[in-house]
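As stored in target.tsv (TSV, C-alpha atoms and all ligand atoms):
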chain	number	residue	atom	x	y	z
A	281	MET	CA	-5.61	-2.85	4.54
A	282	SER	CA	-4.95	0.78	5.02
A	283	GLY	CA	-4.49	3.15	7.95
A	284	ASP	CA	-5.79	6.67	8.18
A	285	GLU	CA	-2.87	8.54	9.68
A	286	ALA	CA	-0.32	9.92	7.29
A	287	PRO	CA	2.94	9.46	9.17
A	288	ALA	CA	5.14	12.44	9.82
A	289	ARG	CA	8.04	12.18	7.43
A	290	GLY	CA	11.46	12.51	8.91
A	291	GLU	CA	10.81	10.07	11.76
A	292	ALA	CA	12.43	6.68	12.16
A	293	GLY	CA	13.66	5.33	8.84
A	294	ALA	CA	13.66	8.69	7.06
A	295	ASP	CA	17.32	8.15	6.25
A	296	ARG	CA	16.16	5.28	4.10
A	297	ASP	CA	13.61	7.46	2.24
A	298	PRO	CA	14.68	7.44	-1.41
A	299	HIS	CA	12.04	9.95	-2.54
A	300	ALA	CA	12.50	12.85	-0.16
A	301	ASP	CA	12.79	15.33	-3.02
A	302	SER	CA	10.32	13.78	-5.44
A	303	ASP	CA	7.74	15.99	-7.13
A	304	PRO	CA	4.38	15.27	-5.41
A	305	ASN	CA	2.59	15.77	-8.73
A	306	GLY	CA	5.14	14.05	-10.94
A	307	PRO	CA	4.74	10.64	-12.56
A	308	ARG	CA	4.92	7.67	-10.23
A	309	ASP	CA	6.21	4.17	-10.59
A	310	VAL	CA	3.39	2.72	-8.50
A	311	VAL	CA	0.04	4.03	-7.32
A	312	VAL	CA	-1.61	1.84	-4.70
A	313	VAL	CA	-5.31	2.56	-4.30
A	314	GLY	CA	-6.41	1.63	-0.79
A	315	GLY	CA	-3.61	-0.57	0.47
A	316	LEU	CA	-0.38	-0.35	2.42
A	317	SER	CA	1.48	-3.64	2.43
A	318	ALA	CA	2.09	-3.61	-1.34
A	319	ALA	CA	3.50	-0.09	-0.94
A	320	VAL	CA	5.95	-1.20	1.77
A	321	PHE	CA	7.51	-3.65	-0.66
A	322	THR	CA	7.61	-1.44	-3.75
A	323	ALA	CA	8.86	1.63	-1.86
A	324	ARG	CA	11.59	-0.28	-0.03
A	325	GLN	CA	13.06	-1.23	-3.39
A	326	GLY	CA	13.10	2.36	-4.61
A	327	LEU	CA	9.95	2.44	-6.74
A	328	ASP	CA	8.34	5.86	-6.41
A	329	THR	CA	5.13	4.82	-4.69
A	330	LEU	CA	1.98	6.77	-3.84
A	331	VAL	CA	-0.82	5.37	-1.67
A	332	ILE	CA	-4.21	6.98	-2.32
A	333	ASP	CA	-6.63	6.20	0.51
A	334	PRO	CA	-9.24	8.08	2.53
A	335	GLY	CA	-8.60	5.80	5.54
A	336	GLU	CA	-11.76	3.71	5.58
A	337	SER	CA	-10.36	0.21	6.07
A	338	LEU	CA	-12.95	-2.28	7.22
A	339	LEU	CA	-10.49	-3.31	9.89
A	340	ARG	CA	-11.29	-0.09	11.75
A	341	ARG	CA	-14.49	-1.84	12.84
A	342	ASN	CA	-12.68	-4.74	14.48
A	343	ALA	CA	-13.07	-4.86	18.28
A	344	HIS	CA	-9.78	-6.63	19.08
A	345	LEU	CA	-7.59	-8.27	16.45
A	346	GLU	CA	-6.52	-11.67	17.76
A	347	ASN	CA	-5.38	-13.59	14.69
A	348	PHE	CA	-2.83	-11.28	13.10
A	349	PRO	CA	0.57	-13.04	13.23
A	350	GLY	CA	2.94	-11.72	15.87
A	351	PHE	CA	0.43	-10.48	18.43
A	352	PRO	CA	-0.32	-13.45	20.73
A	353	LEU	CA	-2.73	-11.46	22.91
A	354	GLY	CA	-4.15	-9.49	20.03
A	355	VAL	CA	-3.73	-5.87	19.01
A	356	ASN	CA	-5.88	-2.79	18.59
A	357	ALA	CA	-6.69	-2.82	14.86
A	358	ARG	CA	-6.59	0.99	14.56
A	359	GLN	CA	-3.11	0.88	16.07
A	360	LEU	CA	-2.06	-1.81	13.61
A	361	LEU	CA	-3.34	0.30	10.70
A	362	ASP	CA	-1.36	3.29	11.98
A	363	LEU	CA	1.77	1.15	12.24
A	364	LEU	CA	1.29	-0.15	8.71
A	365	GLY	CA	0.91	3.42	7.50
A	366	GLU	CA	4.04	4.47	9.36
A	367	GLN	CA	5.92	1.54	7.87
A	368	ALA	CA	4.88	2.47	4.33
A	369	GLY	CA	5.92	6.08	4.95
A	370	ASP	CA	9.26	5.06	6.43
A	371	ALA	CA	9.85	2.83	3.41
A	372	GLY	CA	9.50	5.95	1.25
A	373	ALA	CA	5.89	5.77	0.06
A	374	ASP	CA	3.92	9.01	-0.15
A	375	ARG	CA	0.32	9.05	1.00
A	376	LEU	CA	-2.64	11.00	-0.29
A	377	ASP	CA	-5.83	11.25	1.74
A	378	ALA	CA	-8.19	11.05	-1.23
A	379	ARG	CA	-10.50	8.80	-3.19
A	380	ALA	CA	-9.56	7.43	-6.60
A	381	THR	CA	-12.38	8.26	-9.01
A	382	ARG	CA	-11.08	6.91	-12.30
A	383	VAL	CA	-8.23	4.86	-13.66
A	384	SER	CA	-7.60	5.05	-17.37
A	385	ALA	CA	-5.00	3.40	-19.51
A	386	VAL	CA	-2.96	5.84	-21.56
A	387	GLY	CA	-1.75	5.29	-25.09
A	388	SER	CA	0.71	7.23	-27.15
A	389	GLY	CA	-2.17	9.06	-28.91
A	390	ASP	CA	-3.70	10.42	-25.69
A	391	ALA	CA	-3.11	13.92	-24.43
A	392	ASP	CA	-1.95	12.40	-21.14
A	393	GLY	CA	-0.07	9.68	-22.94
A	394	PRO	CA	3.52	8.70	-22.45
A	395	ASP	CA	6.36	10.94	-23.48
A	396	PRO	CA	8.67	9.19	-25.85
A	397	GLY	CA	10.86	6.90	-23.81
A	398	ASP	CA	8.77	6.69	-20.67
A	399	ASP	CA	6.47	3.83	-19.87
A	400	ILE	CA	3.55	5.46	-18.10
A	401	ARG	CA	0.56	3.18	-18.51
A	402	PHE	CA	-2.20	4.75	-16.41
A	403	VAL	CA	-3.70	7.99	-15.20
A	404	VAL	CA	-5.40	7.87	-11.79
A	405	GLU	CA	-7.87	10.65	-11.09
A	406	VAL	CA	-8.54	11.55	-7.47
A	407	ASP	CA	-11.04	13.49	-5.41
A	408	ARG	CA	-9.76	14.98	-2.17
A	409	GLY	CA	-13.19	16.20	-1.11
A	410	ASP	CA	-12.91	18.98	1.47
A	411	ALA	CA	-9.13	19.00	1.30
A	412	ASN	CA	-9.53	20.71	-2.07
A	413	ASP	CA	-10.70	23.85	-0.30
A	414	HIS	CA	-7.24	24.26	1.17
A	415	GLY	CA	-5.59	24.39	-2.25
A	416	ASP	CA	-3.35	21.40	-1.66
A	417	ALA	CA	-1.01	20.35	-4.43
A	418	ASN	CA	-2.86	17.08	-5.08
A	419	SER	CA	-6.28	18.68	-5.21
A	420	ARG	CA	-9.61	17.54	-6.64
A	421	GLY	CA	-9.40	16.53	-10.25
A	422	ASP	CA	-5.69	15.84	-10.09
A	423	ALA	CA	-4.56	13.18	-12.51
A	424	ILE	CA	-1.59	11.12	-11.39
A	425	ARG	CA	0.41	9.32	-14.05
A	426	THR	CA	1.93	6.00	-13.15
A	427	ARG	CA	3.54	2.85	-14.51
A	428	TYR	CA	1.75	0.41	-12.18
A	429	VAL	CA	-1.56	0.49	-10.32
A	430	VAL	CA	-2.51	-1.77	-7.41
A	431	ALA	CA	-6.24	-1.74	-6.65
A	432	ALA	CA	-6.90	-2.81	-3.04
A	433	THR	CA	-10.29	-1.27	-2.31
A	434	LYS	CA	-12.17	-4.29	-0.92
A	435	ASN	CA	-15.33	-4.25	-3.04
A	436	GLU	CA	-15.18	-0.80	-4.61
A	437	VAL	CA	-14.60	-1.07	-8.37
A	438	GLY	CA	-16.35	1.99	-9.87
A	439	TYR	CA	-13.07	3.81	-10.49
A	440	LEU	CA	-11.88	0.89	-12.65
A	441	ALA	CA	-14.88	0.95	-15.02
A	442	ASP	CA	-12.99	2.64	-17.86
A	443	VAL	CA	-10.12	0.16	-17.99
A	444	ASP	CA	-10.49	-2.03	-21.07
A	445	GLY	CA	-9.82	-5.71	-20.45
A	446	ILE	CA	-10.29	-5.80	-16.67
A	447	GLY	CA	-12.62	-8.54	-15.42
A	448	ILE	CA	-15.13	-7.41	-12.79
A	449	LEU	CA	-16.87	-10.27	-11.01
A	450	ASP	CA	-20.31	-9.69	-9.52
A	451	ARG	CA	-21.01	-12.10	-6.68
A	452	GLY	CA	-23.38	-9.95	-4.68
A	453	LYS	CA	-20.31	-7.82	-4.03
A	454	SER	CA	-17.81	-6.86	-6.71
A	455	TYR	CA	-14.36	-8.35	-7.13
A	456	VAL	CA	-11.60	-8.12	-9.70
A	457	ASP	CA	-10.62	-11.21	-11.64
A	458	THR	CA	-6.93	-11.96	-11.06
A	459	ASP	CA	-4.44	-14.78	-11.14
A	460	GLU	CA	-2.88	-15.91	-7.85
A	461	ARG	CA	-0.27	-13.13	-7.96
A	462	GLY	CA	-2.87	-10.38	-8.38
A	463	ARG	CA	-2.35	-9.81	-12.12
A	464	THR	CA	-5.54	-8.63	-13.81
A	465	GLY	CA	-4.62	-9.39	-17.40
A	466	VAL	CA	-4.15	-5.65	-18.04
A	467	ASP	CA	-0.42	-5.05	-18.20
A	468	GLY	CA	0.66	-3.10	-15.10
A	469	LEU	CA	-2.69	-3.30	-13.30
A	470	TYR	CA	-2.97	-5.51	-10.22
A	471	ALA	CA	-5.61	-6.17	-7.56
A	472	ALA	CA	-4.88	-7.18	-3.97
A	473	GLY	CA	-6.62	-8.35	-0.84
A	474	ARG	CA	-10.37	-8.87	-0.58
A	475	LEU	CA	-10.85	-7.19	-3.97
A	476	ALA	CA	-8.88	-10.07	-5.48
A	477	GLU	CA	-11.21	-12.55	-3.74
A	478	LYS	CA	-8.81	-13.37	-0.94
A	479	PRO	CA	-10.36	-14.75	2.29
A	480	HIS	CA	-11.90	-12.07	4.51
A	481	GLN	CA	-9.00	-12.03	6.99
A	482	ALA	CA	-6.66	-9.19	7.75
A	483	ALA	CA	-3.45	-11.23	7.66
A	484	VAL	CA	-4.36	-12.90	4.38
A	485	CYS	CA	-5.22	-9.60	2.70
A	486	ALA	CA	-2.09	-7.88	4.03
A	487	GLY	CA	0.00	-10.85	2.90
A	488	HIS	CA	-1.54	-10.76	-0.53
A	489	GLY	CA	-0.73	-7.04	-0.82
A	490	ALA	CA	2.88	-7.92	-0.03
A	491	GLU	CA	2.80	-10.65	-2.65
A	492	VAL	CA	1.47	-8.23	-5.26
A	493	GLY	CA	4.22	-5.76	-4.34
A	494	VAL	CA	6.84	-8.45	-4.90
A	495	THR	CA	5.14	-9.44	-8.16
A	496	ILE	CA	5.61	-5.88	-9.41
A	497	LEU	CA	9.26	-5.91	-8.34
A	498	GLU	CA	9.77	-9.13	-10.28
A	499	ALA	CA	8.00	-7.70	-13.33
A	500	ASP	CA	9.94	-4.44	-13.23
A	501	ASP	CA	13.04	-4.23	-15.32
A	502	ARG	CA	15.55	-3.50	-12.56
A	503	GLY	CA	16.49	-6.85	-11.07
A	504	PHE	CA	15.12	-8.22	-7.80
A	505	TYR	CA	15.88	-11.36	-5.79
A	506	HIS	CA	14.32	-11.09	-2.32
A	507	ASP	CA	13.70	-8.23	0.13
A	508	TRP	CA	15.89	-9.69	2.88
A	509	VAL	CA	18.06	-8.18	5.58
A	510	ALA	CA	20.77	-10.76	6.25
A	511	PRO	CA	23.72	-10.85	8.68
A	512	GLU	CA	27.03	-9.58	7.38
A	513	GLY	CA	28.79	-12.25	5.33
A	514	TYR	CA	25.68	-14.31	4.70
A	515	PHE	CA	26.19	-14.07	0.95
A	516	THR	CA	29.62	-12.51	0.61
A	517	ASP	CA	31.45	-15.03	2.85
A	518	ARG	CA	30.25	-17.68	0.45
A	519	GLY	CA	31.73	-15.80	-2.49
A	520	ARG	CA	28.38	-14.46	-3.63
A	521	GLN	CA	27.43	-10.87	-4.41
A	522	VAL	CA	24.66	-9.46	-2.22
A	523	PRO	CA	21.68	-10.09	-4.54
A	524	PRO	CA	19.52	-7.15	-5.67
A	525	GLY	CA	16.93	-6.36	-3.01
A	526	CYS	CA	18.98	-7.94	-0.21
A	527	GLU	CA	21.12	-6.21	2.36
A	528	GLU	CA	23.86	-7.48	4.68
A	529	ILE	CA	24.27	-5.67	7.99
A	530	GLY	CA	26.91	-6.01	10.68
A	531	ASP	CA	26.30	-6.60	14.37
A	532	GLY	CA	26.52	-2.92	15.37
A	533	GLU	CA	23.97	-1.91	12.77
A	534	ARG	CA	21.72	-4.79	13.77
A	535	ARG	CA	21.78	-3.68	17.44
A	536	GLU	CA	21.09	-0.09	16.45
A	537	ARG	CA	18.08	-1.00	14.31
A	538	GLU	CA	16.72	-3.34	16.96
A	539	GLU	CA	17.05	-0.73	19.69
A	540	GLU	CA	15.32	1.84	17.49
A	541	SER	CA	12.47	-0.57	16.82
A	542	ARG	CA	12.08	-1.51	20.51
A	543	GLU	CA	11.87	2.13	21.45
A	544	ALA	CA	9.31	2.80	18.73
A	545	ILE	CA	7.13	-0.14	19.78
A	546	ARG	CA	7.29	0.93	23.46
A	547	GLU	CA	6.23	4.43	22.52
A	548	ARG	CA	3.45	3.43	20.08
A	549	PHE	CA	1.88	1.06	22.61
A	550	ALA	CA	2.40	3.19	25.73
A	551	ALA	CA	-1.18	4.47	25.75
A	552	PRO	CA	-4.51	3.19	24.42
A	553	HIS	CA	-5.15	4.15	20.81
A	554	PRO	CA	-7.15	7.40	20.68
A	555	ASP	CA	-9.48	6.48	17.82
A	556	PRO	CA	-12.96	5.29	18.79
A	557	GLN	CA	-14.22	1.85	17.97
A	558	GLU	CA	-16.09	2.01	14.64
A	559	THR	CA	-19.06	-0.10	13.69
A	560	HIS	CA	-21.31	-0.84	10.73
A	561	PRO	CA	-22.62	2.44	9.25
A	562	SER	CA	-26.22	1.18	9.57
A	563	LEU	CA	-25.75	1.00	13.35
A	564	GLU	CA	-24.47	4.54	13.67
A	565	GLU	CA	-26.87	7.26	14.84
A	601	LIG	C1	-16.44	-5.96	12.46
A	601	LIG	C2	-15.25	-6.58	11.74
A	601	LIG	C3	-14.32	-7.30	12.46
A	601	LIG	C4	-13.27	-7.94	11.81
A	601	LIG	N1	-12.40	-8.65	12.57
A	601	LIG	C5	-11.40	-9.34	11.95
A	601	LIG	C6	-10.55	-10.15	12.74
A	601	LIG	O1	-10.68	-10.26	13.95
A	601	LIG	N2	-9.54	-10.81	12.07
A	601	LIG	C7	-9.37	-10.74	10.73
A	601	LIG	O2	-8.47	-11.38	10.19
A	601	LIG	N3	-10.18	-9.96	9.97
A	601	LIG	C8	-11.19	-9.27	10.55
A	601	LIG	N4	-12.04	-8.49	9.79
A	601	LIG	C9	-11.87	-8.48	8.30
A	601	LIG	C10	-10.77	-7.53	7.83
A	601	LIG	O3	-11.05	-6.22	8.28
A	601	LIG	C11	-10.74	-7.53	6.28
A	601	LIG	O4	-10.65	-8.85	5.80
A	601	LIG	C12	-9.55	-6.74	5.76
A	601	LIG	O5	-9.58	-5.43	6.27
A	601	LIG	C13	-9.61	-6.69	4.24
A	601	LIG	O6	-8.47	-5.99	3.78
A	601	LIG	P1	-8.53	-5.17	2.40
A	601	LIG	O7	-7.24	-4.45	2.32
A	601	LIG	O8	-8.89	-6.07	1.27
A	601	LIG	O9	-9.74	-4.14	2.59
A	601	LIG	P2	-9.80	-2.89	3.62
A	601	LIG	O10	-8.99	-3.14	4.84
A	601	LIG	O11	-11.25	-2.58	3.82
A	601	LIG	O12	-9.07	-1.72	2.83
A	601	LIG	C14	-9.67	-1.16	1.70
A	601	LIG	C15	-9.15	0.28	1.62
A	601	LIG	O13	-9.59	0.83	0.37
A	601	LIG	C16	-9.86	2.19	0.59
A	601	LIG	N5	-10.71	2.63	-0.53
A	601	LIG	C17	-11.94	2.20	-0.87
A	601	LIG	N6	-12.35	2.84	-2.00
A	601	LIG	C18	-11.35	3.68	-2.36
A	601	LIG	C19	-11.15	4.59	-3.44
A	601	LIG	N7	-12.08	4.77	-4.40
A	601	LIG	N8	-10.02	5.30	-3.50
A	601	LIG	C20	-9.04	5.14	-2.56
A	601	LIG	N9	-9.16	4.27	-1.52
A	601	LIG	C21	-10.31	3.56	-1.42
A	601	LIG	C22	-10.50	2.26	1.96
A	601	LIG	O14	-10.34	3.56	2.52
A	601	LIG	C23	-9.72	1.19	2.71
A	601	LIG	O15	-8.64	1.76	3.43
A	601	LIG	C24	-13.09	-7.82	10.40
A	601	LIG	C25	-14.01	-7.05	9.67
A	601	LIG	C26	-15.08	-6.44	10.34
A	601	LIG	C27	-16.07	-5.65	9.52

Could the structure of this file be written out as structure tokens, please?
Amino acid sequence: MSGDEAPARGEAGADRDPHADSDPNGPRDVVVVGGLSAAVFTARQGLDTLVIDPGESLLRRNAHLENFPGFPLGVNARQLLDLLGEQAGDAGADRLDARATRVSAVGSGDADGPDPGDDIRFVVEVDRGDANDHGDANSRGDAIRTRYVVAATKNEVGYLADVDGIGILDRGKSYVDTDERGRTGVDGLYAAGRLAEKPHQAAVCAGHGAEVGVTILEADDRGFYHDWVAPEGYFTDRGRQVPPGCEEIGDGERREREEESREAIRERFAAPHPDPQETHPSLEE
């Protein structure tokens, strides 16, 4: 799932942003096309992550989301998408309001191919539509080089047509053939959510995006155990090192983070979400 609001950087969690100075046009570790939960996991572990998404999640059409874990009386789905977007941004992911038009694998013989020593595997071409008129850095025709790609575009697969070895399944709608962890069989290319044939439920698709993010962390050559925040001493008082990906925090820090989160939730839910209810395009005037 993906929200449409790029969060203002520098808000809550900005102190944990590992990419504040990264080159917006430079090579990425991970490009997520159309999803946010995978990006939360890869960005939190320091992978330079870009989410490319024009903000057209199907969930925007939901009238009241009543089966997403943690919201016993339901939640406005547009609000949830905004919160997911904010969470990805706070984790350090960058976001580009654009459409991916083509993913191609790069080899050492290609003009866009890897420099010696780097392990760029893909180039993702994007179309920013009208945003191009403003001369933004990531403008139409930009080609973003990356080590990993996560495709999470529900049933849109056209931009993957040039990737050799990817399995596209046609079952009335298009899906990408994956194993249970979202691997496509093309090294470094993953699919998540509905696109990977997951059940048509928001929580399942978001959870699968998270699983794919963790799968990338496990595949990446930098060591990862779990993304856990544990109480101080949880590992170390048992004579263990804090494992890679985990964090121990003391009571003061825990209170501070909790207070910050309570304030943020109060503020985000203080007023009804401003975005109108969306519906099926065929029903729109
Ligand atoms: C009317 C309605 C009500 C629903 N109510 C519920 C409910 O109550 N509970 C529930 O669990 N589920 C509900 N759903 C289903 C839920 O919305 C989906 O299962 C879920 O959104 C699928 O997640 P996804 O990430 O796979 O796809 P999406 O959420 O649709 O996300 C796909 C993303 O890909 C982006 N994208 C597409 N093409 C490109 C491209 N070329 N480049 C870049 N980005 C691209 C889109 O902008 C979009 O943000 C409802 C759906 C509808 C239509």

For ligand LIG 601 (chain A), the nearest of the candidates A:Arg358, A:Arg537, A:Arg461, A:Arg518, counting all atoms listed in the file: A:Arg358

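Among the candidate residues A:Ala472, A:Ala550, A:Ala510, A:Leu353, the one lying nearest to ligand LIG 601 (chain A) is A:Ala472, with distances computed using all atoms listed in the file.
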
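The space between CA of Pro511 in chain A and CA of Val484 in chain A spans 28.5 Å.
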
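Nearest to Gly493 in chain A of all the residues A:Phe321, A:Tyr470, A:Tyr439, A:Tyr455 is A:Phe321, counting all atoms listed in the file.
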
Expected selection as a ChimeraX atom specification for ligand LIG 601 (chain A) within 6 Å, all atoms listed in the file: /A:281-282,313-315,332-339,341-342,345-347,379-381,432-434,436,473-475,480-483,485

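Our summary of the geometry notes that CA of Asp374 in chain A is positioned 10.6 Å from CA of Leu316 in chain A.
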
Glu405 in chain A environment, 7 Å, only C-alpha atoms, sequence neighbours closer than 5 positions dropped, as a VMD selection string: chain A and resid 380 to 383 421 to 424

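Among the candidate residues A:Val466, A:His344, A:Ala368, A:His506, the one lying nearest to Ala323 in chain A is A:Ala368, with distances computed using all atoms listed in the file.
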
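Across the model, the gap from CA of Arg427 in chain A to CA of Arg308 in chain A is 6.6 Å.
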
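Excluding Leu469 in chain A and any residue on its chain fewer than 2 positions from it, the residues at most 10 Å away by only C-alpha atoms are A:Val310, A:Val311, A:Val383, A:Ala385, A:Arg401, A:Phe402, A:Arg427, A:Tyr428, A:Val429, A:Val430, A:Ala431, A:Val443, A:Ile446, A:Thr458, A:Gly462, A:Arg463, A:Thr464, A:Gly465, A:Val466, A:Asp467, A:Ala471, A:Ile496.
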
Padded axis-aligned box of range 352-369 of chain A (5 Å per side), centre and edge lengths, Å, one decimal, as JSON:
{"center_x": -0.4, "center_y": -3.7, "center_z": 13.6, "size_x": 22.6, "size_y": 29.5, "size_z": 28.6}

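Using all atoms listed in the file, the nearest neighbour of Asp399 in chain A within the list A:Thr426, A:Gln521, A:Ser454, A:Ser384 is A:Thr426.
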
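Taking all atoms listed in the file into account, Leu361 in chain A lies nearest to A:Ala486 out of the set A:Thr322, A:Thr495, A:Ala486, A:Glu533.
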
Would you kindly return, as a compact mmCIF listing (two decimals) with C-alpha atoms, in the coordinates of the input, each protein, DNA or RNA residue with an atom no farther than 8 Å from any atom of range 524-528 of chain A, considering all atoms listed in the file and excluding same-chain residues fewer than 3 positions away?
# COMPACT_ATOMS: atom_id res chain seq x y z
CA GLN A 325 13.06 -1.23 -3.39
CA GLY A 503 16.49 -6.85 -11.07
CA PHE A 504 15.12 -8.22 -7.80
CA TYR A 505 15.88 -11.36 -5.79
CA HIS A 506 14.32 -11.09 -2.32
CA ASP A 507 13.70 -8.23 0.13
CA TRP A 508 15.89 -9.69 2.88
CA VAL A 509 18.06 -8.18 5.58
CA ALA A 510 20.77 -10.76 6.25
CA PRO A 511 23.72 -10.85 8.68
CA GLU A 512 27.03 -9.58 7.38
CA GLY A 513 28.79 -12.25 5.33
CA TYR A 514 25.68 -14.31 4.70
CA PHE A 515 26.19 -14.07 0.95
